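Read the structure below first, then the notes.
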2 protein chains.
Amino acid sequence: MTAVTDTIRNGVDTEKMFATLDLIKAQPELARFQFRATNRWIDGAHNRSTIKGFYAAGGEDTSRSAEFHADAGEPAILLGTDTGPNPAEYLLHALAACLTTSIVYVAAARKVELTSVESTLTGDMDVRGALGVDDEPRNGFERIEVSFRLAGRAPEEKLRDVVERARKRSAVYDMVTNGVPVALNVTTD
Amino acid sequence: MTAVTDTIRNGVDTEKMFATLDLIKAQPELARFQFRATNRWIDGAHNRSTIKGFYAAGGEDTSRSAEFHADAGEPAILLGTDTGPNPAEYLLHALAACLTTSIVYVAAARKVELTSVESTLTGDMDVRGALGVDDEPRNGFERIEVSFRLAGRAPEEKLRDVVERARKRSAVYDMVTNGVPVALNVTTD
């Protein structure tokens with residue numbers, strides 16, 4: 001095997017991963033990150049976020065060459081025209097994506113070669129809350145169920161340990177299960 | 001004015017909105033919704049969610065003609081190749097999109113014509129948590145700051161009241177600030 005095949009596992013450069021971890025252990029101040037999104041209303045339930053810049057490792061990151069755009073919408077029953085997934089579906093996507101990346105990175109660090117990671121997420125909601133019809137149901141999902149199906153070249157127990165460690169370290173899992181303080185400012189023209 | 005221009009406000013069909021609210025008040029069992037996302041790992045930090053089907057108003061909704069796809073990734077400093085926004089950025093987008101749609105709908109219901117709704121969201125994170133370098137910092141954002149800039153044909157106080165009501169009813173704002181119970185199941189092949 002060449003050095004390259006040795007260090008890349010699950011598409012993750014483990015040599016760079018361990019170097020990053022060592023650097024952050026040595027200089028914890030480099031661990032301060034800030035992510036951002038800007039959003040603009042287009043019409044009705046259609047709005048679009050633009051995502052590009054972020055602060056990382058002591059300075060503004062300039063490595064991204066292009067903006068990302070994400071369009072949100074609502075289906076007809078919620079008065080939209082399907083211009084994109086709705087915001088609650090995007091929250092499920094954020095959770096799925098974070099757990100999946102955490103699984104892939106943890107597996108790479110533990111020398112576990114994965115061949116497949118798939119998940120299905122469901123969120124149950126009584127829309128009387130968000131629609132303002134009733135004060136009793138909460139606005140958001142009452143519960144989220146996440147089902148992962150993993151395959152890899154490792155015993156089942158090791159694969160399950162990878163998922164458990166990923167769950168313990170996932171940023172979005174932490175935020176969705178524990179909540180985050182949100183400050184909301186408004187300016188009017 | 002025609003009936004059409006009377007009932008459509010901010011791109012929202014208010015006649016249909018009030019009919020929906022009346023229907024759900026009369027038959028609360030129609031308020032049970034389930035949203036879903038499936039996700040598949042592609043390589044490294046790249047994974048993709050597919051979003052289409054959902055349960056609503058007593059049955060499986062079949063109005064969506066096409067699947068939505070959302071690609072996630074990580075920037076180089078987090079060992080990815082920018083295949084999409086990262087999961088934490090998608091969470092900011094979900095929050096921005098939900099608050100924006102809530103503002104637009106509340107304004108439509110209150111006969112407030114909006115001309116512009118823009119927002120900037122930031123989330124601060126100490127990545128030592130998610131990277132597993134230190135147990136002290138939490139994995140997710142310590143705080144999120146949301147700044148809205150609104151313009152519309154209404155006094156400032158009325159615009160601020162719209163935002164306040166939207167914040168009180170937003171599904172994703174509720175989930176992000178209060179958290180949601182998440183059940184995680186794993187199957188291995």
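Ordered as shown in the structure tokens, chains take letters A, B, and onward, while each chain numbers its residues from 1 and ligands are numbered from 1 in the order shown.
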
Handout entry: Val180 in chain A environment, 9 Å, only C-alpha atoms, sequence neighbours closer than 5 positions dropped, as a ChimeraX atom specification
Key = /A:174-175 /B:140-144,176-179

Problem - Nearest to Thr38 in chain B, chosen from B:Phe148, B:Glu67, B:Ile77, B:Glu60, with only C-alpha atoms counted in the distances - result: B:Glu67

Handout entry: Straight-line distance linking CA of Gly123 in chain A with CA of Arg169 in chain B, stated in Å to one decimal
Key = 17.2 Å

Handout entry: Coordinates-based distance that separates CA of Ala76 in chain B from CA of Asn47 in chain B (Å, one decimal)
Key =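 CA of Ala76 in chain B lies 15.6 Å from CA of Asn47 in chain B.
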